[in-house]
Amino acid sequence: MDNKPLQTVPRPAWLHQRLRWALIALIAIAVSLCAVGLQPAIFNWNGLGQLWRFLAASGQPDLSAEFLAVVLRAALTTLAYAVCSTCLSLLIGAVGGLLASEVWWLAVLPHQNLHRSISSTIRMILAIPRAIHELIWGLFFVNILGLDPLVAILAIAIPYGAIVAKVFSELLDETPRQPLFALLNSGVPAANAFIYSLIPQAFLNFVSYAFYRFECSIRSAAVLGIIGAGGLGYEILLSLQSLRYHQLWTLFLALFVLNGAVDWGSAWLRHRLGSPTRLDLNLRRPTRSRKQSKPGDPLVLGAGIGLLALIPFSFWYVAADWTKLWSPRTATLLAEVGQAIWPPRLETLPQLGPLLLQTLAMSILAIAIAGMGGVLLAFPAARNFWSPNGLLAGHTTSGLGRIWAWTRLLLTRAFLLMARAIPAPIWALVALFVLFPGILPGAVALGIHNLGILGRLMAEVVEDLDPRPVVALKAQGVTAPLLFLYGVLPLTLTRFLAYILYRWEVCTRETVIVGLVGAGGLGRLLTEQLSSFDYQNLLVTLAGFVVLTFVVDWISGTARRALR
Amino acid sequence: MVYCAKKLLIIATLLLPIVACAPNRSAAPTGETTGEAQQPLVTGAIPDQDPEKLQRLYGKLSEYLEQELGVPVEYKPVTDYAAAVTAFKVGDLGLVWFGGLTGVQARLQVPGAEAIAQRDIDANFHSVFIANKKAGIQPLTDINGLQSLKGRTITFGSESSTSGRLMPQYFLQQAGVKLEDFKGQPGFSQSHDATIKLVEAGTYEVGALNEQVWKSRVAAGEVDLNQVDVIWRTPAYYDYHWVINPAVTEHYGADFVEKVQAALLKLDPNVPEQKEILELFGASKFIATENGNYQQIEAIGRQIGKIK
Amino acid sequence: METTNKSKRLGDKSAKLNESVNLNVNLNVNEILFELKQVNQQFGRLQALADLDLQIRAGERVALVGSSGAGKSTLIRLLNGTLRPTGGEVWALGRCLSRLSPRQLRQAQQHIGTIYQQFHLVDSLAVIHNVNAGHLSHWSFAKALFSLIYPLEIETAATALRRVGIPEKLYERTDRLSGGQQQRVALARVLVQNPLVILADEPVSSLDPERSREIMALLRDLVTETGKTLVVSLHSIDLALHYCNRVIGLREGRMQFDAPADAVTKAMIEALYRL
């Protein structure tokens with residue numbers, strides 16, 4: 001053998017890109033923690049009794065027939081509204097997503113070098129409706145449409161439509177383009193080429209995402225209180241105001257059932273259709289569909305028909321007055337709103353900076369809590385991990401061991417369901433019982449709520465994990481912790497991070513609804529201005545939210561590109 | 001696109017019949033079937049105290065008003081102060097039970113709107129400041145005592161609550177205490193009950209709320225008086241009242257405002273049915289009121305910035 | 001020089017393992033490494049392997065051939081202990097695998113390296129970490145964690161990559177490599193693991209013919225240089241005859257023939273693949 005000295009490749013910089021982002025994240029969290037203030041007392045032990053009273057009430061929900069009837073009706077209302085607003089947001093999102101995608105403009109305007117600038121402009125515009133919380137959209141629509149079911153539908157559909165458009169456009173842009181250009185080059189018009197290439201290719205991902213959006217709509221309808229139409233959100237707000245814990249828990253149970261059923265149903269259907277993840281972000285190739293359903297799968301067909309039937313039922317049930325959209329009164333009222341908000345007043349501009357930072361700090365802490373908790377709980381909540389025959393399960397499992405494994409799985413999932421089904425304002429009140437007011441209880445409340453969502457999404461990532469590299473390591477005699485470190489974590493972390501960054505944006509917007517913690521940042525200012533009908537200053541605050549969304553969007557986009 | 005096209009088609013086919021039939025059944029969700037021809041009088045309320053009672057309350061009140069006025073009455077649930085005021089402004093709510101401040105805000109946006117009735121207690125309403133016992137704050141002897149609250153943490157109720165925010169903040173201002181004088185930012189617990197519980201827990205040292213709610217919670221034994229107690233009761237002011245939209249006269253005749261007022265004032269505690277309605281409102285009687293009674297509230301609202 | 005280095009390391013390691021694991025590890029040629037006794041493997045209703053009796057001795061290069069579904073992969077999984085037979089016993093390194101505790105099984109598996117058709121590498125990690133994964137059976141958690149941030153034992157990894165012909169890919173991300181290069185990374189990982197036996201489950205099926213020959217030659221050289229044993233399942237009978245010295249034909253879960261490479265006749269092969 002040769003005796004040349006070994007030539008080794010130079011070691012790359014110690015602080016490589018991923019590590020740099022990790023450091024940035026740690027610093028951001030540390031700075032946000034400083035913003036919490038280094039007060040000596042964080043925990044208010046005195047409030048444990050209150051916390052206990054809240055939790056203890058879960059044992060005796062109000063199950064009187066009278067109240068159950070109210071809850072049932074409210075649950076149906078919420079479901080119907082969620083169906084309607086999801087449909088509308090998908091419609092908006094499908095059109096918007098196409099227009100916001102680079103590849104569409106590349107196909108339509110092949111010779112001008114404009115596709116990038118057009119699509120990024122449209123994406124920028126789409127950030128504006130996303131930046132504004134559903135609650136504020138709701139108030140806006142009351143202003144121009146009055147009390148009509150339409151208000152609640154549009155309040156959810158507009159911001160969600162913008163989110164769907166963003167995600168759809170990214171999906172389209174990340175789908176392999178060769179089939180599309182093969183068609184375009186043979187003279188097929190752009191629209192037809194899309195129908196026969198990109199859209200079928202990305203279709204399953206669209207459907208998966210649509211289901212995810214539906215789950216979000218239900219949660220959103222539960223916060224919105226559906227202005228003028230009742231629903232679970234309305235009942236929750238009522239019972240919360242007079243702190244009827246027993247009633248609250250009944251309503252939460254209804255939310256568990258609704259959320260759980262939709263989660264489970266959509267997971268089942270997605271699995272049947274062969275698209276295992278709902279939000280396949282950050283993959284450079286679309287998911288390979290593993291188990292295509294046979295065309296005539298009667299179960300899928302049945303579920304599909306059921307779902308389709310739910311749509312006309314929901315539209316009938318909510319009975320929105322669509323004529324209001326083009327009635328003269330709406331135009332008049334819209335003009336009035338225009339006059340009321342213009343010109344914007346800049347009185348609050350100097351305050352805006354610190355409030356923006358406060359909001360940012362709260363959202364960073366919230367997403368840190370949600371992200372870490374989500375990662376920790378995703379594994380016990382995943383079917384293929386610690387459960388019997390899971391990736392990290394031993395060969396021999398005794399009967400007791402199996403029972404324990406399944407109990408752990410169910411308990412984790414129940415906790416995640418509870419965390420996401422209970423709206424963030426309730427968590428804020430609960431957090432406020434045991435934490436002193438400030439950024440922290442707000443961050444904890446948003447953190448717990450989003451933890452429930454992230455944990456569930458991450459558990460799906462784990463379930464979707466390619467087991468082969470892990471099994472290969474296992475075959476080599478590697479212990480579970482190291483298997484986790486070198487197999488599971490590298491395979492899942494990028495997608496965990498993609499979810500975390502996506503949810504971070506939601507957290508900034510949701511700071512609006514946890515204003516009771518005494519440190520709402522921009523959200524507090526916003527509620528104050530809304531309740532004072534101070535629309536001229538309100539416009540500036542909303543602009544602050546838009547700026548914040550741009551910033552968060554940019555950071556998370558850059559980070560996602562760097563980390564994949 | 002196949003998917004989109006299908007979806008479009010489905011939605012389009014779905015929308016057609018709905019668009020067609022929607023106006024005829026605008027009252028359908030609440031199950032009202034009376035008066036197909038006549039537009040219903042839509043009433044609403046801003047939930048501020050015992051809001052979960054609203055359900056039952058408004059069913060009874062709507063029935064009573066329908067009987068008295070001979071027009072269909074419908075109740076629209078609205079949880080948000082701003083939404084209720086706005087709905088009143090655009091004319092979708094005809095008769096609303098507002099708080100002091102929100103009533104003024106609503107009337108200012110609707111020229112000709114009138115305050116017509118209030119409860120007997122509303123002409124002489126009070127807020128209370130409560131404090132956690134551990135904070136060691138002695139009961140105050142007069143308004144200047146509020147200065148001793150500087151450096152404490154405080155929570156109000158909802159942003160537009162008269163008794164839970166506006167008047168307490170006004171009296172603090174009278175005593176020379178600004179919001180910045182408190183420790184941290186003031187909280188907005190969103191309800192009187194939450195204020196009690198948060199002060200009882202010690203999360204906030206001081207809270208301000210509606211005296212009526214405080215008294216009823218104490219009477220029901222729901223407050224731990226070893227943890228929290230009243231330190232000061234504010235002077236009296238006007239609070240909750242019924243406000244009616246002038247647009248109703250177009251539909252139901254010029255004398256409709258008077259008819260509604262008369263119907264409300266006629267509620268008799270000696271009639272069991274009507275007594276129940278009054279009890280749910282926490283009133284022994286409704287009495288007349290007028291716009292002029294709320295001039296002080298309006299002035300304070302402007303001073304504090306809640307009215308622009 | 002490399003070879004001597006490697007053998008020395010191998011010697012050290014087996015000595016250490018002998019102590020700690022107390023497995024009867026012996027490098028004498030002709031020692032029985034694997035023994036299958038009446039092994040049956042059932043997946044639901046499918047009989048993947050039936051009544052298999054087999055002995056594999058140290059130093060042999062065994063090819064498993066047969067059409068898809070013949071049970072080749074199943075046999076490999078039985079040999080490396082990731083699958084337990086539904087009937088019969090699998091003995092490896094003098095132990096009956098199904099009677100071992102998880103800990104003992106892991107200790108036995110440290111001496112068995114496996115490479116796969118689809119490489120089974122962790123795509124999103126740099127090559128160095130995938131190669132270092134060969135150390136994991138004796139690295140502490142802290143060391144493993146630290147190495148993910150600041151790669152350790154680079155010399156060993158670089159040597160292994162040099163041996164498989166891609167020294168320049170040390171810090172590259174694994175999913176940026178071609179198929180052939182990824183299989184070399186997998187080989188480098190096995191080199192670092194330094195087992196007594198290498199199992200290879202269709203290691204060249206996803207590669208073009210030229211790459212296949214390169215990888216097979218590499219595999220053969222590696223095991224002969226260090227006196228390891230090789231069990232490889234192959235689609236190509238030519239590769240099997242060329243690179244191995246014993247060929248086992250499997251058909252529908254049963255052993256069709258078991259013969260030295262030079263004794264395999266055309267008739268035997270035709271019988272094996274006959275429809």
# chains A, B, ... in the order shown; residues from 1 in each chain; ligands from 1
$ select_by_dssp --residues "stretch 44-230 of chain C" --states "alpha helix (DSSP H)" --output "mmCIF file with C-alpha atoms, in the first residue's frame"
data_model
loop_
_atom_site.group_PDB
_atom_site.id
_atom_site.type_symbol
_atom_site.label_atom_id
_atom_site.label_comp_id
_atom_site.auth_asym_id
_atom_site.auth_seq_id
_atom_site.Cartn_x
_atom_site.Cartn_y
_atom_site.Cartn_z
ATOM 1 C CA LYS C 72 -32.629 -13.780 0.622
ATOM 2 C CA SER C 73 -33.370 -10.574 2.535
ATOM 3 C CA THR C 74 -35.225 -12.496 5.207
ATOM 4 C CA LEU C 75 -32.187 -14.689 5.726
ATOM 5 C CA ILE C 76 -29.938 -11.642 6.068
ATOM 6 C CA ARG C 77 -32.285 -10.127 8.645
ATOM 7 C CA LEU C 78 -32.270 -13.372 10.596
ATOM 8 C CA LEU C 79 -28.485 -13.439 10.561
ATOM 9 C CA PRO C 102 -31.598 -7.011 24.356
ATOM 10 C CA ARG C 103 -28.246 -6.015 25.818
ATOM 11 C CA GLN C 104 -26.569 -9.291 24.886
ATOM 12 C CA LEU C 105 -28.100 -9.098 21.435
ATOM 13 C CA ARG C 106 -26.630 -5.640 20.933
ATOM 14 C CA GLN C 107 -23.239 -6.953 21.994
ATOM 15 C CA ALA C 108 -23.458 -9.742 19.443
ATOM 16 C CA GLN C 109 -24.639 -7.354 16.754
ATOM 17 C CA VAL C 127 -20.724 11.782 5.496
ATOM 18 C CA ILE C 128 -18.462 11.999 8.534
ATOM 19 C CA HIS C 129 -21.355 11.375 10.892
ATOM 20 C CA ASN C 130 -22.664 8.451 8.896
ATOM 21 C CA VAL C 131 -19.198 6.927 8.951
ATOM 22 C CA ASN C 132 -18.795 7.693 12.630
ATOM 23 C CA PHE C 141 -23.859 9.467 24.639
ATOM 24 C CA ALA C 142 -21.893 12.585 25.496
ATOM 25 C CA LYS C 143 -19.177 11.774 22.995
ATOM 26 C CA ALA C 144 -21.710 10.998 20.295
ATOM 27 C CA LEU C 145 -23.533 14.253 20.938
ATOM 28 C CA PHE C 146 -20.359 16.290 20.950
ATOM 29 C CA SER C 147 -19.221 14.676 17.731
ATOM 30 C CA LEU C 148 -22.381 15.821 15.974
ATOM 31 C CA ILE C 149 -21.365 19.379 16.707
ATOM 32 C CA ILE C 154 -11.696 12.128 11.877
ATOM 33 C CA GLU C 155 -8.541 10.134 11.190
ATOM 34 C CA THR C 156 -10.361 6.824 11.362
ATOM 35 C CA ALA C 157 -13.213 8.090 9.203
ATOM 36 C CA ALA C 158 -10.824 9.591 6.668
ATOM 37 C CA THR C 159 -8.868 6.343 6.474
ATOM 38 C CA ALA C 160 -12.039 4.370 5.903
ATOM 39 C CA LEU C 161 -13.223 6.764 3.198
ATOM 40 C CA ARG C 162 -9.812 6.585 1.563
ATOM 41 C CA ARG C 163 -10.057 2.865 1.544
ATOM 42 C CA VAL C 164 -13.408 2.995 -0.247
ATOM 43 C CA GLY C 179 -25.790 6.044 -5.384
ATOM 44 C CA GLY C 180 -22.385 4.447 -5.826
ATOM 45 C CA GLN C 181 -20.799 6.987 -3.532
ATOM 46 C CA GLN C 182 -23.468 6.438 -0.902
ATOM 47 C CA GLN C 183 -22.834 2.709 -0.966
ATOM 48 C CA ARG C 184 -19.151 3.474 -0.421
ATOM 49 C CA VAL C 185 -20.103 5.546 2.612
ATOM 50 C CA ALA C 186 -22.076 2.601 3.924
ATOM 51 C CA LEU C 187 -18.998 0.422 3.384
ATOM 52 C CA ALA C 188 -16.839 2.936 5.207
ATOM 53 C CA ARG C 189 -19.255 2.812 8.115
ATOM 54 C CA VAL C 190 -18.934 -0.961 8.265
ATOM 55 C CA LEU C 191 -15.156 -0.587 8.113
ATOM 56 C CA VAL C 192 -15.262 1.695 11.119
ATOM 57 C CA GLN C 193 -17.582 -0.682 12.923
ATOM 58 C CA PRO C 209 -22.933 -2.601 -13.917
ATOM 59 C CA GLU C 210 -19.593 -0.779 -13.787
ATOM 60 C CA ARG C 211 -20.322 0.594 -10.280
ATOM 61 C CA SER C 212 -21.548 -2.854 -9.255
ATOM 62 C CA ARG C 213 -18.274 -4.480 -10.171
ATOM 63 C CA GLU C 214 -16.301 -1.782 -8.370
ATOM 64 C CA ILE C 215 -18.299 -2.180 -5.189
ATOM 65 C CA MET C 216 -18.138 -5.987 -5.296
ATOM 66 C CA ALA C 217 -14.395 -5.910 -5.861
ATOM 67 C CA LEU C 218 -14.038 -3.503 -2.986
ATOM 68 C CA LEU C 219 -16.159 -5.715 -0.777
ATOM 69 C CA ARG C 220 -14.155 -8.799 -1.671
ATOM 70 C CA ASP C 221 -10.832 -7.061 -1.084
ATOM 71 C CA LEU C 222 -11.941 -5.688 2.232
ATOM 72 C CA VAL C 223 -12.985 -9.017 3.651
ATOM 73 C CA THR C 224 -9.940 -10.882 2.346
ATOM 74 C CA GLU C 225 -7.530 -8.229 3.609
ATOM 75 C CA THR C 226 -8.883 -8.294 7.113
#
$ interface_residues --of "chain C" --to "chain A" --cutoff "6 Å" --atoms "only C-alpha atoms" --output "PyMOL selection string"
chain C and resi 1+82+106+109-110+120-122+136-137+168
$ write_last_selection --atoms "all heavy atoms" --output "PDB file, in the first residue's frame"
ATOM      1  N   MET C   1       0.289  -0.245   4.530  1.00  0.00           N
ATOM      2  CA  MET C   1       0.329   0.428   5.822  1.00  0.00           C
ATOM      3  C   MET C   1      -1.072   0.486   6.409  1.00  0.00           C
ATOM      4  O   MET C   1      -1.286   0.255   7.594  1.00  0.00           O
ATOM      5  CB  MET C   1       0.886   1.836   5.619  1.00  0.00           C
ATOM      6  CG  MET C   1       0.883   2.655   6.872  1.00  0.00           C
ATOM      7  SD  MET C   1       1.358   4.344   6.494  1.00  0.00           S
ATOM      8  CE  MET C   1       0.411   5.209   7.707  1.00  0.00           C
ATOM      9  N   THR C  82     -32.116  -8.772  13.481  1.00  0.00           N
ATOM     10  CA  THR C  82     -33.240  -7.838  13.491  1.00  0.00           C
ATOM     11  C   THR C  82     -34.564  -8.579  13.344  1.00  0.00           C
ATOM     12  O   THR C  82     -35.616  -8.013  13.547  1.00  0.00           O
ATOM     13  CB  THR C  82     -33.120  -6.801  12.362  1.00  0.00           C
ATOM     14  OG1 THR C  82     -32.809  -7.470  11.143  1.00  0.00           O
ATOM     15  CG2 THR C  82     -32.054  -5.791  12.665  1.00  0.00           C
ATOM     16  N   ARG C 106     -27.385  -6.781  21.461  1.00  0.00           N
ATOM     17  CA  ARG C 106     -26.630  -5.640  20.933  1.00  0.00           C
ATOM     18  C   ARG C 106     -25.149  -5.947  20.893  1.00  0.00           C
ATOM     19  O   ARG C 106     -24.453  -5.607  19.952  1.00  0.00           O
ATOM     20  CB  ARG C 106     -26.881  -4.409  21.809  1.00  0.00           C
ATOM     21  CG  ARG C 106     -28.149  -3.672  21.498  1.00  0.00           C
ATOM     22  CD  ARG C 106     -28.067  -2.230  21.946  1.00  0.00           C
ATOM     23  NE  ARG C 106     -27.789  -2.109  23.369  1.00  0.00           N
ATOM     24  CZ  ARG C 106     -28.741  -2.138  24.307  1.00  0.00           C
ATOM     25  NH1 ARG C 106     -29.990  -2.296  23.955  1.00  0.00           N
ATOM     26  NH2 ARG C 106     -28.425  -2.013  25.573  1.00  0.00           N
ATOM     27  N   GLN C 109     -24.464  -8.078  18.017  1.00  0.00           N
ATOM     28  CA  GLN C 109     -24.639  -7.354  16.754  1.00  0.00           C
ATOM     29  C   GLN C 109     -23.456  -6.443  16.428  1.00  0.00           C
ATOM     30  O   GLN C 109     -23.224  -6.108  15.272  1.00  0.00           O
ATOM     31  CB  GLN C 109     -25.928  -6.517  16.798  1.00  0.00           C
ATOM     32  CG  GLN C 109     -27.181  -7.358  16.597  1.00  0.00           C
ATOM     33  CD  GLN C 109     -28.443  -6.534  16.796  1.00  0.00           C
ATOM     34  OE1 GLN C 109     -28.479  -5.605  17.606  1.00  0.00           O
ATOM     35  NE2 GLN C 109     -29.490  -6.879  16.073  1.00  0.00           N
ATOM     36  N   GLN C 110     -22.704  -6.058  17.476  1.00  0.00           N
ATOM     37  CA  GLN C 110     -21.539  -5.222  17.207  1.00  0.00           C
ATOM     38  C   GLN C 110     -20.546  -5.914  16.289  1.00  0.00           C
ATOM     39  O   GLN C 110     -19.729  -5.275  15.634  1.00  0.00           O
ATOM     40  CB  GLN C 110     -20.841  -4.859  18.523  1.00  0.00           C
ATOM     41  CG  GLN C 110     -21.674  -3.939  19.378  1.00  0.00           C
ATOM     42  CD  GLN C 110     -21.088  -3.734  20.748  1.00  0.00           C
ATOM     43  OE1 GLN C 110     -19.947  -4.128  20.993  1.00  0.00           O
ATOM     44  NE2 GLN C 110     -21.846  -3.139  21.629  1.00  0.00           N
ATOM     45  N   HIS C 120     -29.469   2.858   3.294  1.00  0.00           N
ATOM     46  CA  HIS C 120     -29.962   3.097   4.654  1.00  0.00           C
ATOM     47  C   HIS C 120     -29.063   4.007   5.462  1.00  0.00           C
ATOM     48  O   HIS C 120     -28.767   3.752   6.611  1.00  0.00           O
ATOM     49  CB  HIS C 120     -30.179   1.770   5.394  1.00  0.00           C
ATOM     50  CG  HIS C 120     -31.233   0.932   4.750  1.00  0.00           C
ATOM     51  ND1 HIS C 120     -31.800  -0.128   5.368  1.00  0.00           N
ATOM     52  CD2 HIS C 120     -31.824   1.015   3.544  1.00  0.00           C
ATOM     53  CE1 HIS C 120     -32.690  -0.678   4.559  1.00  0.00           C
ATOM     54  NE2 HIS C 120     -32.705  -0.001   3.442  1.00  0.00           N
ATOM     55  N   LEU C 121     -28.646   5.066   4.824  1.00  0.00           N
ATOM     56  CA  LEU C 121     -27.855   6.067   5.528  1.00  0.00           C
ATOM     57  C   LEU C 121     -28.799   7.175   5.990  1.00  0.00           C
ATOM     58  O   LEU C 121     -29.901   7.308   5.470  1.00  0.00           O
ATOM     59  CB  LEU C 121     -26.806   6.649   4.590  1.00  0.00           C
ATOM     60  CG  LEU C 121     -25.781   5.650   4.070  1.00  0.00           C
ATOM     61  CD1 LEU C 121     -24.990   6.267   2.938  1.00  0.00           C
ATOM     62  CD2 LEU C 121     -24.862   5.193   5.184  1.00  0.00           C
ATOM     63  N   VAL C 122     -28.334   7.966   6.935  1.00  0.00           N
ATOM     64  CA  VAL C 122     -29.132   9.111   7.362  1.00  0.00           C
ATOM     65  C   VAL C 122     -28.793  10.261   6.417  1.00  0.00           C
ATOM     66  O   VAL C 122     -27.752  10.901   6.538  1.00  0.00           O
ATOM     67  CB  VAL C 122     -28.849   9.454   8.822  1.00  0.00           C
ATOM     68  CG1 VAL C 122     -29.681  10.650   9.234  1.00  0.00           C
ATOM     69  CG2 VAL C 122     -29.167   8.264   9.699  1.00  0.00           C
ATOM     70  N   LEU C 136     -20.769   3.860  17.096  1.00  0.00           N
ATOM     71  CA  LEU C 136     -21.787   4.140  18.103  1.00  0.00           C
ATOM     72  C   LEU C 136     -21.951   3.050  19.149  1.00  0.00           C
ATOM     73  O   LEU C 136     -22.321   3.331  20.282  1.00  0.00           O
ATOM     74  CB  LEU C 136     -23.145   4.413  17.446  1.00  0.00           C
ATOM     75  CG  LEU C 136     -23.235   5.758  16.725  1.00  0.00           C
ATOM     76  CD1 LEU C 136     -24.621   5.964  16.165  1.00  0.00           C
ATOM     77  CD2 LEU C 136     -22.899   6.885  17.683  1.00  0.00           C
ATOM     78  N   SER C 137     -21.652   1.789  18.760  1.00  0.00           N
ATOM     79  CA  SER C 137     -21.882   0.733  19.747  1.00  0.00           C
ATOM     80  C   SER C 137     -20.941   0.855  20.940  1.00  0.00           C
ATOM     81  O   SER C 137     -21.208   0.290  21.985  1.00  0.00           O
ATOM     82  CB  SER C 137     -21.779  -0.630  19.080  1.00  0.00           C
ATOM     83  OG  SER C 137     -20.655  -0.667  18.259  1.00  0.00           O
ATOM     84  N   GLU C 168     -12.487  12.603  -0.465  1.00  0.00           N
ATOM     85  CA  GLU C 168     -12.811  14.034  -0.553  1.00  0.00           C
ATOM     86  C   GLU C 168     -14.232  14.335  -0.087  1.00  0.00           C
ATOM     87  O   GLU C 168     -14.617  15.485   0.037  1.00  0.00           O
ATOM     88  CB  GLU C 168     -12.597  14.521  -1.991  1.00  0.00           C
ATOM     89  CG  GLU C 168     -13.636  14.049  -3.005  1.00  0.00           C
ATOM     90  CD  GLU C 168     -13.441  12.602  -3.446  1.00  0.00           C
ATOM     91  OE1 GLU C 168     -12.514  11.933  -2.933  1.00  0.00           O
ATOM     92  OE2 GLU C 168     -14.241  12.120  -4.284  1.00  0.00           O
TER      93      GLU C 168
END
$ residues_around --residues "C:Arg251" --least-positions-apart "5" --cutoff "10 Å" --atoms "only C-alpha atoms" --output "ChimeraX atom specification"
/C:48-49,65-72,256-257,271-274
$ write_last_selection --atoms "N, CA, C and O atoms" --output "compact mmCIF listing (two decimals), in the first residue's frame"
# COMPACT_ATOMS: atom_id res chain seq x y z
N ALA C 48 -41.83 -17.43 4.31
CA ALA C 48 -40.68 -16.80 3.66
C ALA C 48 -39.48 -17.74 3.62
O ALA C 48 -38.73 -17.78 2.65
N LEU C 49 -39.29 -18.49 4.69
CA LEU C 49 -38.21 -19.47 4.73
C LEU C 49 -38.76 -20.76 5.35
O LEU C 49 -39.54 -20.70 6.30
N VAL C 65 -28.27 -16.45 -3.77
CA VAL C 65 -28.91 -16.09 -5.03
C VAL C 65 -30.30 -16.67 -5.11
O VAL C 65 -30.66 -17.58 -4.35
N GLY C 66 -31.05 -16.18 -6.03
CA GLY C 66 -32.44 -16.60 -6.19
C GLY C 66 -33.26 -15.42 -6.65
O GLY C 66 -32.81 -14.27 -6.55
N SER C 67 -34.46 -15.68 -7.15
CA SER C 67 -35.26 -14.56 -7.65
C SER C 67 -35.86 -13.77 -6.49
O SER C 67 -35.76 -14.18 -5.33
N SER C 68 -36.50 -12.66 -6.82
CA SER C 68 -37.11 -11.82 -5.78
C SER C 68 -38.12 -12.64 -5.00
O SER C 68 -38.86 -13.41 -5.57
N GLY C 69 -38.14 -12.43 -3.69
CA GLY C 69 -39.10 -13.17 -2.88
C GLY C 69 -38.63 -14.56 -2.49
O GLY C 69 -39.39 -15.32 -1.89
N ALA C 70 -37.40 -14.89 -2.85
CA ALA C 70 -36.93 -16.23 -2.53
C ALA C 70 -36.55 -16.38 -1.06
O ALA C 70 -36.40 -17.49 -0.55
N GLY C 71 -36.40 -15.25 -0.36
CA GLY C 71 -36.08 -15.31 1.05
C GLY C 71 -34.68 -14.83 1.39
O GLY C 71 -34.22 -14.99 2.52
N LYS C 72 -34.01 -14.21 0.40
CA LYS C 72 -32.63 -13.78 0.62
C LYS C 72 -32.56 -12.70 1.72
O LYS C 72 -31.78 -12.82 2.66
N GLN C 256 -32.17 -24.49 -2.52
CA GLN C 256 -32.17 -25.27 -3.74
C GLN C 256 -30.82 -25.97 -3.93
O GLN C 256 -30.76 -27.12 -4.28
N PHE C 257 -29.76 -25.20 -3.67
CA PHE C 257 -28.43 -25.81 -3.68
C PHE C 257 -27.50 -25.02 -2.79
O PHE C 257 -27.78 -23.89 -2.42
N ALA C 271 -32.45 -24.30 -13.03
CA ALA C 271 -33.47 -24.87 -12.13
C ALA C 271 -33.91 -23.83 -11.10
O ALA C 271 -35.08 -23.75 -10.72
N LEU C 272 -32.94 -23.03 -10.68
CA LEU C 272 -33.23 -22.03 -9.65
C LEU C 272 -34.21 -20.96 -10.16
O LEU C 272 -35.10 -20.52 -9.44
N TYR C 273 -34.04 -20.55 -11.39
CA TYR C 273 -34.84 -19.44 -11.91
C TYR C 273 -36.01 -19.89 -12.76
O TYR C 273 -36.75 -19.07 -13.27
N ARG C 274 -36.15 -21.23 -12.94
CA ARG C 274 -37.21 -21.73 -13.80
C ARG C 274 -38.59 -21.26 -13.29
O ARG C 274 -38.84 -21.26 -12.09
$ atom_distance --atom1 "atom CA of A:Arg560" --atom2 "atom CA of A:Phe203"
23.0 Å
$ residues_around --residues "B:Gln105" --least-positions-apart "2" --cutoff "10 Å" --atoms "only C-alpha atoms" --output "list of chain:residue names"
A:Ser531, A:Ser532, A:Phe533, B:Ala82, B:Val85, B:Thr86, B:Lys89, B:Phe98, B:Gly99, B:Gly100, B:Leu101, B:Thr102, B:Gly103, B:Arg107, B:Leu108, B:Gln109, B:Val110, B:Ser160, B:Glu298, B:Gly301, B:Lys306, B:Ile307, B:Lys308
$ atom_distance --atom1 "atom CA of A:Arg524" --atom2 "atom CA of A:Ile218"
24.8 Å
$ residues_around --residues "A:Pro441" --least-positions-apart "4" --cutoff "10 Å" --atoms "only C-alpha atoms" --output "MDAnalysis selection string"
chainID A and resid 36 42:43 362 366 427:437 445:447 514 516:519
$ residues_around --residues "B:Gly176" --least-positions-apart "5" --cutoff "12 Å" --atoms "only C-alpha atoms" --output "ChimeraX atom specification"
/B:143-150,169-171,181
$ write_last_selection --atoms "C-alpha atoms" --output "PDB file, in the first residue's frame"
ATOM      1  CA  ILE B 143     -60.385  59.146  47.274  1.00  0.00           C
ATOM      2  CA  ASN B 144     -56.898  60.421  48.100  1.00  0.00           C
ATOM      3  CA  GLY B 145     -56.195  57.072  49.662  1.00  0.00           C
ATOM      4  CA  LEU B 146     -55.909  55.715  46.119  1.00  0.00           C
ATOM      5  CA  GLN B 147     -52.425  57.183  46.085  1.00  0.00           C
ATOM      6  CA  SER B 148     -51.322  54.375  48.340  1.00  0.00           C
ATOM      7  CA  LEU B 149     -51.881  52.043  45.402  1.00  0.00           C
ATOM      8  CA  LYS B 150     -48.873  53.436  43.535  1.00  0.00           C
ATOM      9  CA  GLN B 169     -59.500  54.770  36.085  1.00  0.00           C
ATOM     10  CA  TYR B 170     -61.279  58.122  36.335  1.00  0.00           C
ATOM     11  CA  PHE B 171     -61.246  58.097  40.134  1.00  0.00           C
ATOM     12  CA  ASP B 181     -47.651  54.678  38.515  1.00  0.00           C
TER      13      ASP B 181
END
